[in-house]
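Novice: What follows is the file upload28.txt, containing compact mmCIF, C-alpha atoms:
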```
# COMPACT_ATOMS: atom_id res chain seq x y z
CA MET A 109 1.54 11.98 17.67
CA SER A 110 4.90 13.20 16.43
CA ARG A 111 5.56 13.74 12.75
CA SER A 112 7.90 10.77 12.55
CA ARG A 113 5.55 8.47 14.47
CA PRO A 114 4.03 6.59 11.49
CA VAL A 115 7.48 5.65 10.17
CA ALA A 116 8.95 4.56 13.48
CA ALA A 117 5.77 2.87 14.63
CA LEU A 118 5.74 0.35 11.80
CA ALA A 119 9.02 -1.18 12.92
CA ALA A 120 7.96 -1.17 16.56
CA LEU A 121 4.51 -2.57 15.91
CA ALA A 122 5.92 -5.36 13.78
CA GLY A 123 7.63 -6.65 16.89
CA LEU A 124 4.56 -6.16 19.05
CA ALA A 125 2.34 -7.99 16.58
CA LEU A 126 4.49 -11.09 16.19
CA GLY A 127 2.37 -12.93 18.73
CA ALA A 128 0.84 -14.84 15.83
CA LEU A 129 4.29 -16.06 14.79
CA ALA A 130 6.34 -18.46 16.86
CA ALA A 131 9.98 -19.40 16.38
CA CYS A 132 10.50 -23.02 15.49
CA GLY A 133 13.37 -25.33 14.74
CA GLY A 134 13.88 -27.84 11.98
CA SER A 135 14.91 -27.38 8.40
CA PRO A 136 14.17 -23.94 6.93
CA ALA A 137 11.51 -23.73 4.26
CA ALA A 138 12.28 -22.79 0.69
CA ALA A 139 12.69 -19.06 0.21
CA ALA A 140 9.79 -18.83 -2.22
CA GLN A 141 7.34 -20.82 -0.09
CA GLU A 142 4.11 -18.98 0.68
CA LEU A 143 1.71 -20.12 3.37
CA ARG A 144 -2.01 -19.45 3.05
CA GLY A 145 -4.88 -20.08 5.41
CA THR A 146 -7.71 -22.45 4.65
CA ALA A 147 -10.16 -19.53 4.63
CA SER A 148 -11.02 -17.79 1.38
CA PHE A 149 -11.32 -14.05 0.78
CA ALA A 150 -14.68 -13.40 2.45
CA PRO A 151 -14.90 -9.77 3.59
CA GLN A 152 -17.76 -8.68 5.79
CA PRO A 153 -20.13 -5.82 4.87
CA LEU A 154 -18.65 -2.40 5.54
CA ASP A 155 -19.75 -0.52 8.63
CA ALA A 156 -20.01 3.11 7.50
CA GLU A 157 -18.93 4.63 10.82
CA ALA A 158 -15.94 2.31 11.24
CA ALA A 159 -14.89 2.82 7.62
CA ARG A 160 -15.07 6.60 8.04
CA ALA A 161 -12.85 6.42 11.14
CA VAL A 162 -10.24 4.33 9.31
CA ILE A 163 -10.27 6.64 6.27
CA VAL A 164 -9.85 9.76 8.44
CA ALA A 165 -6.93 8.12 10.26
CA SER A 166 -5.41 7.06 6.93
CA GLU A 167 -5.55 10.61 5.58
CA ARG A 168 -3.96 11.87 8.79
CA MET A 169 -1.08 9.41 8.42
CA GLY A 170 -0.56 10.55 4.85
CA ARG A 171 -0.41 14.21 5.83
CA GLU A 172 2.03 13.51 8.65
CA MET A 173 4.28 11.52 6.34
CA LEU A 174 4.37 14.39 3.84
CA VAL A 175 5.06 16.94 6.56
CA SER A 176 7.94 14.83 7.89
CA ALA A 177 9.48 14.40 4.43
CA ASP A 178 12.61 16.30 3.40
CA PRO A 179 11.31 19.71 2.24
CA GLY A 180 13.97 19.82 -0.47
CA GLU A 181 12.87 16.57 -2.10
CA ASN A 182 9.78 15.36 -3.92
CA ALA A 183 7.72 12.91 -1.89
CA VAL A 184 4.91 10.52 -2.77
CA VAL A 185 2.88 8.84 -0.03
CA SER A 186 0.19 6.17 -0.31
CA PRO A 187 -1.98 6.46 2.82
CA ALA A 188 -4.05 3.45 1.74
CA SER A 189 -0.89 1.33 1.56
CA LEU A 190 0.17 2.44 5.04
CA THR A 191 -3.26 1.62 6.45
CA LEU A 192 -3.38 -1.81 4.84
CA ALA A 193 0.12 -2.61 6.09
CA PHE A 194 -0.75 -1.65 9.66
CA ALA A 195 -4.07 -3.50 9.40
CA MET A 196 -2.24 -6.69 8.37
CA LEU A 197 -0.58 -6.56 11.78
CA ALA A 198 -3.98 -6.40 13.50
CA PRO A 199 -4.79 -10.14 13.65
CA GLY A 200 -1.54 -10.82 15.52
CA ALA A 201 -1.51 -7.74 17.74
CA SER A 202 -1.27 -8.13 21.50
CA GLY A 203 -0.23 -6.12 24.53
CA PRO A 204 0.84 -2.52 23.81
CA GLY A 205 0.47 -3.20 20.09
CA VAL A 206 -3.32 -3.10 20.38
CA SER A 207 -3.48 0.47 21.69
CA GLU A 208 -0.77 1.61 19.26
CA LEU A 209 -2.65 0.21 16.28
CA THR A 210 -5.94 1.64 17.53
CA GLU A 211 -4.38 5.11 17.58
CA LEU A 212 -2.94 4.74 14.08
CA LEU A 213 -5.94 3.06 12.45
CA GLY A 214 -8.70 5.09 14.06
CA THR A 215 -10.44 2.03 15.50
CA ASP A 216 -9.56 -1.21 17.25
CA PRO A 217 -7.32 -3.58 15.25
CA ALA A 218 -9.95 -6.28 14.76
CA THR A 219 -12.42 -3.78 13.31
CA ALA A 220 -9.72 -2.21 11.15
CA ALA A 221 -8.92 -5.59 9.58
CA VAL A 222 -12.60 -6.10 8.77
CA VAL A 223 -12.83 -2.59 7.27
CA ALA A 224 -9.73 -3.28 5.17
CA GLY A 225 -11.37 -6.39 3.79
CA GLY A 226 -14.55 -4.50 2.95
CA LEU A 227 -12.65 -1.74 1.17
CA LEU A 228 -10.56 -4.24 -0.80
CA ASP A 229 -13.75 -6.04 -1.80
CA HIS A 230 -15.28 -2.74 -2.97
CA PHE A 231 -12.22 -1.81 -5.04
CA SER A 232 -12.04 -5.29 -6.57
CA THR A 233 -14.81 -4.14 -8.94
CA TRP A 234 -12.06 -2.55 -11.05
CA ASP A 235 -9.47 -5.30 -10.61
CA GLY A 236 -8.24 -7.57 -13.37
CA ASP A 237 -5.36 -9.73 -14.48
CA VAL A 238 -2.11 -7.79 -14.07
CA ALA A 239 -0.65 -9.79 -16.97
CA ASP A 240 -3.19 -8.10 -19.27
CA PHE A 241 -2.32 -4.58 -18.09
CA ASP A 242 -0.25 -2.58 -20.59
CA PRO A 243 1.59 0.22 -18.73
CA THR A 244 2.19 2.07 -22.02
CA THR A 245 -1.51 2.39 -22.90
CA LEU A 246 -4.38 3.75 -20.84
CA PRO A 247 -7.13 1.13 -20.45
CA ASP A 248 -10.60 1.68 -21.90
CA GLU A 249 -12.08 1.00 -18.46
CA PRO A 250 -10.57 2.02 -15.09
CA PHE A 251 -8.15 -0.56 -13.70
CA LEU A 252 -7.30 -0.78 -10.00
CA HIS A 253 -5.22 -3.64 -8.63
CA ILE A 254 -4.32 -3.83 -4.92
CA ALA A 255 -2.17 -6.65 -3.58
CA ASN A 256 -0.91 -7.43 -0.08
CA ARG A 257 1.55 -9.90 1.38
CA ALA A 258 3.46 -10.52 4.59
CA VAL A 259 7.00 -11.93 4.42
CA VAL A 260 8.52 -13.43 7.55
CA ARG A 261 11.98 -14.73 8.34
CA GLU A 262 12.48 -18.47 8.03
CA GLY A 263 12.32 -20.23 11.38
CA PHE A 264 9.01 -18.66 12.38
CA GLU A 265 5.81 -20.68 12.32
CA ALA A 266 2.53 -18.85 11.71
CA GLU A 267 -0.58 -19.66 13.68
CA ALA A 268 -3.46 -20.97 11.60
CA ASP A 269 -5.79 -18.21 12.82
CA TYR A 270 -3.40 -15.53 11.59
CA LEU A 271 -3.08 -17.14 8.16
CA ASP A 272 -6.86 -17.39 7.94
CA ALA A 273 -7.23 -13.71 8.89
CA LEU A 274 -4.77 -12.66 6.18
CA ALA A 275 -6.63 -14.71 3.59
CA GLU A 276 -10.13 -13.70 4.70
CA ASN A 277 -9.57 -9.95 5.07
CA PHE A 278 -6.65 -9.20 2.74
CA ASN A 279 -6.66 -12.06 0.21
CA ALA A 280 -3.02 -12.39 1.25
CA GLY A 281 -0.56 -15.07 2.22
CA LEU A 282 2.60 -15.27 4.30
CA ALA A 283 5.87 -15.87 2.45
CA LEU A 284 8.98 -17.28 4.08
CA ALA A 285 12.36 -15.72 3.31
CA ASP A 286 15.95 -16.27 4.33
CA PHE A 287 16.86 -12.67 5.11
CA ALA A 288 20.42 -13.76 5.87
CA ASP A 289 20.70 -14.39 2.13
CA ALA A 290 20.32 -10.72 1.22
CA ALA A 291 20.46 -11.25 -2.54
CA GLY A 292 17.95 -14.09 -2.51
CA ALA A 293 15.55 -12.28 -0.19
CA LYS A 294 15.81 -9.09 -2.26
CA GLU A 295 14.95 -11.05 -5.38
CA LEU A 296 11.91 -12.52 -3.62
CA LEU A 297 10.65 -9.06 -2.62
CA ASP A 298 11.47 -7.51 -6.01
CA GLU A 299 9.68 -10.18 -8.04
CA TRP A 300 6.45 -9.62 -6.12
CA VAL A 301 6.60 -5.84 -6.52
CA ASP A 302 7.50 -6.06 -10.20
CA HIS A 303 4.61 -8.43 -10.91
CA HIS A 304 1.91 -6.52 -9.05
CA THR A 305 2.89 -3.17 -10.59
CA ALA A 306 3.16 -4.56 -14.15
CA GLY A 307 6.85 -3.67 -14.16
CA LEU A 308 6.30 0.02 -13.39
CA ILE A 309 8.10 -0.45 -10.07
CA PRO A 310 10.74 -3.10 -10.74
CA GLU A 311 12.08 -3.51 -7.23
CA SER A 312 11.24 -3.20 -3.55
CA ALA A 313 12.69 -0.38 -1.47
CA ILE A 314 13.50 -2.88 1.29
CA GLU A 315 17.13 -3.95 1.60
CA PRO A 316 17.12 -7.24 3.57
CA THR A 317 19.48 -7.70 6.51
CA PRO A 318 20.02 -10.78 8.71
CA ASP A 319 18.18 -9.18 11.65
CA LEU A 320 15.06 -8.46 9.58
CA VAL A 321 12.03 -10.42 10.82
CA LEU A 322 8.96 -9.18 8.98
CA VAL A 323 8.17 -7.27 5.77
CA LEU A 324 4.66 -6.10 4.90
CA GLN A 325 4.21 -5.62 1.16
CA ASN A 326 1.49 -3.64 -0.57
CA ALA A 327 1.14 -2.69 -4.22
CA VAL A 328 -1.38 -0.38 -5.87
CA LEU A 329 -1.64 -0.34 -9.67
CA PHE A 330 -4.04 2.19 -11.18
CA GLY A 331 -4.76 3.14 -14.75
CA ALA A 332 -7.62 5.22 -16.15
CA GLN A 333 -8.40 7.86 -18.71
CA TRP A 334 -9.57 11.32 -17.73
CA GLU A 335 -13.36 11.45 -17.63
CA SER A 336 -13.08 14.94 -19.08
CA GLN A 337 -10.17 14.96 -21.52
CA PHE A 338 -7.54 17.72 -21.63
CA GLU A 339 -7.32 19.44 -25.01
CA GLN A 340 -3.88 20.26 -26.37
CA HIS A 341 -4.77 23.80 -27.44
CA LEU A 342 -5.64 24.61 -23.80
CA THR A 343 -2.06 23.98 -22.63
CA TYR A 344 -0.33 27.24 -21.68
CA GLU A 345 3.08 28.35 -20.44
CA ARG A 346 2.75 29.28 -16.77
CA ASP A 347 4.95 29.83 -13.73
CA PHE A 348 5.94 26.80 -11.68
CA THR A 349 7.55 27.51 -8.31
CA PRO A 350 9.63 24.75 -6.65
CA VAL A 351 10.63 24.72 -3.00
CA ASP A 352 13.61 27.03 -3.59
CA GLY A 353 11.25 29.78 -4.75
CA ALA A 354 12.90 30.22 -8.17
CA ALA A 355 9.90 30.17 -10.53
CA PHE A 356 10.27 29.08 -14.14
CA ARG A 357 7.89 28.63 -17.05
CA VAL A 358 6.45 25.21 -17.90
CA PRO A 359 3.57 24.02 -20.12
CA MET A 360 0.50 23.43 -17.94
CA MET A 361 -2.66 21.63 -18.99
CA SER A 362 -6.01 23.21 -18.23
CA ASN A 363 -9.60 22.10 -18.49
CA PRO A 364 -12.30 24.72 -17.90
CA HIS A 365 -14.97 22.02 -17.80
CA ALA A 366 -13.56 20.00 -14.89
CA ALA A 367 -12.74 20.73 -11.26
CA ALA A 368 -9.98 18.66 -9.67
CA ARG A 369 -9.84 18.21 -5.90
CA TYR A 370 -6.40 17.77 -4.37
```
Once more with this new file: its structure as structure tokens, please.
Specialist:
Amino acid sequence: MSRSRPVAALAALAGLALGALAACGGSPAAAAQELRGTASFAPQPLDAEAARAVIVASERMGREMLVSADPGENAVVSPASLTLAFAMLAPGASGPGVSELTELLGTDPATAAVVAGGLLDHFSTWDGDVADFDPTTLPDEPFLHIANRAVVREGFEAEADYLDALAENFNAGLALADFADAAGAKELLDEWVDHHTAGLIPESAIEPTPDLVLVLQNAVLFGAQWESQFEQHLTYERDFTPVDGAAFRVPMMSNPHAAARY
């Protein structure tokens, strides 16, 4: 797999996975309309071996994304978000898309979707109402909110099985957008991102164009206090070396009682 494969593959796989969406005529739906299946969020128990395979593949994608990033720029990658986005394609995958997704997700698409649902169910233990999350104050208890959504161009009709799979495994729906109306579609994407990140990320990185067909949205909002707190008197001036090799002194926290794994 080439370094740029995860980035390029998402666009390609979106086309390969559109078997669950069919073009239709008639009047376009309202831009804010969201379709949901009749199924409720009902994840299946996690299979340890399948979950391990998906997690290993997710970590690999994250590493490859970082390696392919511009070495002169800071980069942040969310492997879990990438995995969930690819897994949302799984219920509609067909043809070459099946083998492509299997390679990226570490297991067959159907199993990956089930694993995604199990992981989301596990993490929901720390979920809560985003409206109650204050981004300026660390919560007393850990808070972890993960949201997913697919957005498709108006004129496509989703199959009921695909909508049910999104609801059952991802607690997600399918929004309709007029991507030809770039400003309106951008507002639709931005509002979702802003809401599910409590305003910490006010807008989507996607810039809609008329030829855009599908957008997969994922948001992760996390807030927690350190289990072992850093003490101010243990902050020291130390060398920090950026990519250009020119080290300079910065205040660095330290905690002799905790070991952090990166």
Novice: List as a list of chain:residue names the protein and nucleic acid residues near Asp155 in chain A, meaning an atom at most 9 Å away when all atoms listed in the file are counted, but skip any in the same chain fewer than 4 places from it.
Specialist: A:Ala159, A:Arg160, A:Val223, A:Gly226
Novice: Mind pulling up the distance from CA of Ala280 in chain A to CA of Phe231 in chain A?
Specialist: 15.4 Å
Novice: Enter the distance from CA of Pro217 in chain A to CA of Glu172 in chain A, in Å, rounded to one decimal.
Specialist: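 Rounded to one decimal, the two atoms are 20.6 Å apart.
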Novice: Considering all atoms listed in the file, return as a ChimeraX atom specification whatever protein or nucleic-acid residues lie within 10 Å of Thr245 in chain A, sequence-local ones (same chain, fewer than 6 positions apart) excluded.
Specialist: /A:331-333
Novice: Taking into account only C-alpha atoms, which residue in the set A:Ala147, A:Ala273, A:Ala268, A:Ala366 is nearest to Glu339 in chain A?
Specialist: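 Of A:Ala147, A:Ala273, A:Ala268, A:Ala366, the one nearest Glu339 in chain A, counting only C-alpha atoms, is A:Ala366.
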Novice: Between CA of Leu192 in chain A and CA of Trp234 in chain A, measure the distance and give it in Å to one decimal.
Specialist: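 CA of Trp234 in chain A lies 18.1 Å from CA of Leu192 in chain A.
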Novice: Restricting the calculation to only C-alpha atoms: of A:Leu174, A:Ala239, A:Leu284, A:Leu212, which residue gets closest to Asp302 in chain A?
Specialist: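 Between A:Leu174, A:Ala239, A:Leu284, A:Leu212, the residue approaching Asp302 in chain A most closely is A:Ala239.
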Novice: From the options A:Ala291, A:Leu308, A:Ala354, A:Leu154, which residue's atoms come nearest to His230 in chain A, counting all atoms listed in the file?
Specialist: A:Leu154
Novice: So which one's closest to Asp229 in chain A, A:Leu213, A:Ile254, A:Leu324, A:Ala188? Using all atoms listed in the file, please.
Specialist: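 Residue with the minimum atom-to-atom distance to Asp229 in chain A: A:Ile254.
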Novice: Write out as a PyMOL selection string the residues lying within 8 Å of Ala327 in chain A, counting only C-alpha atoms and excluding same-chain residues fewer than 6 positions away.
Specialist: chain A and resi 189+253-256+301+304-305
Novice: Using only C-alpha atoms, which of A:Asn326, A:Thr191, A:Thr317, A:Asn363 sits nearest Tyr344 in chain A?
Specialist: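 Between A:Asn326, A:Thr191, A:Thr317, A:Asn363, the residue approaching Tyr344 in chain A most closely is A:Asn363.
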Novice: Identify the residues around (-9.2, -22.1, 2.1) within a radius of 10 Å, measuring from all atoms listed in the file in the coordinates stated by the file, and give them as a ChimeraX atom specification.
Specialist: /A:144-149,271-272,275-276
Novice: Could you check which of A:Val358, A:Phe338, A:Phe194, A:Leu329 is closest to Gly307 in chain A, using all atoms listed in the file?
Specialist: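 The answer is A:Leu329, which sits nearest to Gly307 in chain A.
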Novice: Please tell me which residues are no farther than 6 Å from (7.9, -6.2, -7.7) in the file, counting only C-alpha atoms, and write them as a list in words.
Specialist: Asp298, Glu299, Trp300, Val301, Asp302, His303, Pro310 and Glu311 of chain A
Novice: Keeping N, CA and C atoms (and nothing else), can you write range 211-227 of chain A of this structure as a tab-separated table (two decimals), in the first residue's frame?
Specialist:
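Below you can see out34.tsv, which holds the result:
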```tsv
chain	number	residue	atom	x	y	z
A	211	GLU	N	-8.89	-4.65	2.59
A	211	GLU	CA	-7.48	-4.33	2.78
A	211	GLU	C	-7.30	-3.17	3.77
A	212	LEU	N	-8.14	-2.16	3.65
A	212	LEU	CA	-8.01	-0.98	4.50
A	212	LEU	C	-8.49	-1.22	5.93
A	213	LEU	N	-9.55	-2.03	6.08
A	213	LEU	CA	-10.17	-2.21	7.39
A	213	LEU	C	-9.66	-3.42	8.14
A	214	GLY	N	-8.89	-4.27	7.48
A	214	GLY	CA	-8.32	-5.42	8.17
A	214	GLY	C	-9.23	-6.62	8.25
A	215	THR	N	-10.45	-6.49	7.75
A	215	THR	CA	-11.40	-7.60	7.72
A	215	THR	C	-12.45	-7.27	6.67
A	216	ASP	N	-13.35	-8.20	6.39
A	216	ASP	CA	-14.35	-7.95	5.35
A	216	ASP	C	-15.28	-6.81	5.78
A	217	PRO	N	-15.83	-6.06	4.82
A	217	PRO	CA	-16.62	-4.88	5.14
A	217	PRO	C	-17.78	-5.13	6.09
A	218	ALA	N	-18.49	-6.24	5.91
A	218	ALA	CA	-19.64	-6.52	6.77
A	218	ALA	C	-19.20	-6.68	8.22
A	219	THR	N	-18.10	-7.40	8.44
A	219	THR	CA	-17.59	-7.58	9.79
A	219	THR	C	-17.09	-6.26	10.36
A	220	ALA	N	-16.44	-5.45	9.52
A	220	ALA	CA	-15.93	-4.16	9.98
A	220	ALA	C	-17.06	-3.25	10.46
A	221	ALA	N	-18.20	-3.28	9.77
A	221	ALA	CA	-19.34	-2.46	10.19
A	221	ALA	C	-19.85	-2.91	11.55
A	222	VAL	N	-19.88	-4.22	11.76
A	222	VAL	CA	-20.33	-4.76	13.04
A	222	VAL	C	-19.35	-4.38	14.16
A	223	VAL	N	-18.04	-4.47	13.86
A	223	VAL	CA	-17.03	-4.08	14.84
A	223	VAL	C	-17.17	-2.60	15.19
A	224	ALA	N	-17.39	-1.77	14.17
A	224	ALA	CA	-17.56	-0.34	14.41
A	224	ALA	C	-18.71	-0.09	15.37
A	225	GLY	N	-19.82	-0.80	15.16
A	225	GLY	CA	-20.96	-0.64	16.05
A	225	GLY	C	-20.64	-1.05	17.47
A	226	GLY	N	-19.89	-2.15	17.62
A	226	GLY	CA	-19.52	-2.61	18.95
A	226	GLY	C	-18.61	-1.63	19.67
A	227	LEU	N	-17.66	-1.05	18.92
A	227	LEU	CA	-16.75	-0.08	19.53
A	227	LEU	C	-17.50	1.20	19.92
```
